[in-house]
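Here's the structure we're looking at; comments come further down.
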Amino acid sequence: MIGSYVAVGDSFTEGVGDPGPDGAFVGWADRFAVLLADRRPEGGFRYTNLAVRGRLLDQMVAEQVPRAVELAPDLVSFCAGGNDILRPGTDPDEVAERFERAVARLADAAGTVLVTTGFDTRGVPVLKHLRGRIATYNGHVRAVADRYGCPVLDLWSLKAVQDRRAWDDDRLHLSPEGHTRVALRAGQVLGLDVPADPEQPWPPLPPRGTLEVRRDDVHWARQHLVPWIGRRLRGESSGDHVTAKGAVSPDDIRTRIASVA
């Protein structure tokens, strides 16, 4: 019976790709918080989302981890290192050392620390060549989890997100359905009786021709890839001038989810 939950992370945990009715993002962590709150019939559940898009591991350690330690919740989810791994020349072994130090700090303050692996990027243009680096980092994450007794939200093994409908148009962030399936898997990891199977098969899609696929790829490159590369070259982050959601009411999350369902 978890009474308090703090989410630490980047765009994935902030919920980019899963907009509510006001344009602000919901995401898997907010949806997961509702699953947890539903198991507190007497109320009193506290949820805080500290995640900000674009954040690197060291930025999370400086900005978010101290706040999570201060709140000392029953549960912390810690999804970190993904943006570091995407950067050219990054050493996943070195990132994992910093990741472990952060987990140690959180484990001292929180009842449980839930860690996540990276997604399997074999079907993602531009990122599929990083698959080996992500797999190496995932191995470190699992080893750290073993040492500190952390449950692992294993996104690499979540087959449902290999479907393109699990992803937003930018192909870098999950769609609302993708976020929902991750939230359900997180509930399973903690032993909750979740309302649906995250691996439920997707409805069949009509076949797409080569020309249609090519047209989609060109549109994606113009609308999303080129701006993403431009930000990297200019040293900008999508999280510049973005603040964390902070404390969020599960009732507000339920209302926002229902309005866009």
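Residues are referred to by chain and number: the chain letter is A, B, ... according to the order shown in the structure tokens, the number counts from 1 in that chain, and ligands are numbered separately from 1 in the order shown.
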Shell around range 171-178 of chain A at 7 Å using only C-alpha atoms, local window under 4 positions removed, as a list of chain:residue names: A:Phe12, A:Val16, A:Gly17, A:Asp18, A:Val161, A:Ala166, A:Trp167, A:Val182
As JSON, numbers by chain, please: the residues near range 215-221 of chain A (cut-off 9 Å, only C-alpha atoms, same-chain neighbours under 4 positions excluded). {"A": [125, 169, 170, 171, 210, 211, 225, 226, 227]}
List every residue of range 75-202 of chain A that DSSP, applied to the backbone of this structure, assigns to strand (DSSP E), and report them as number ranges by chain. A: 75-78, 112-116, 152-153
Given only C-alpha atoms as the basis, pick out the residue of A:Lys245, A:Arg133, A:His179, A:Arg208 nearest to Phe32 in chain A.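 With only C-alpha atoms as the atom set, the closest residue is A:His179.
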Identify which of the residues A:Phe99, A:Tyr5, A:Gly187, A:Val126 lies closest to Leu71 in chain A, counting only C-alpha atoms when measuring atom-to-atom distances. A:Tyr5
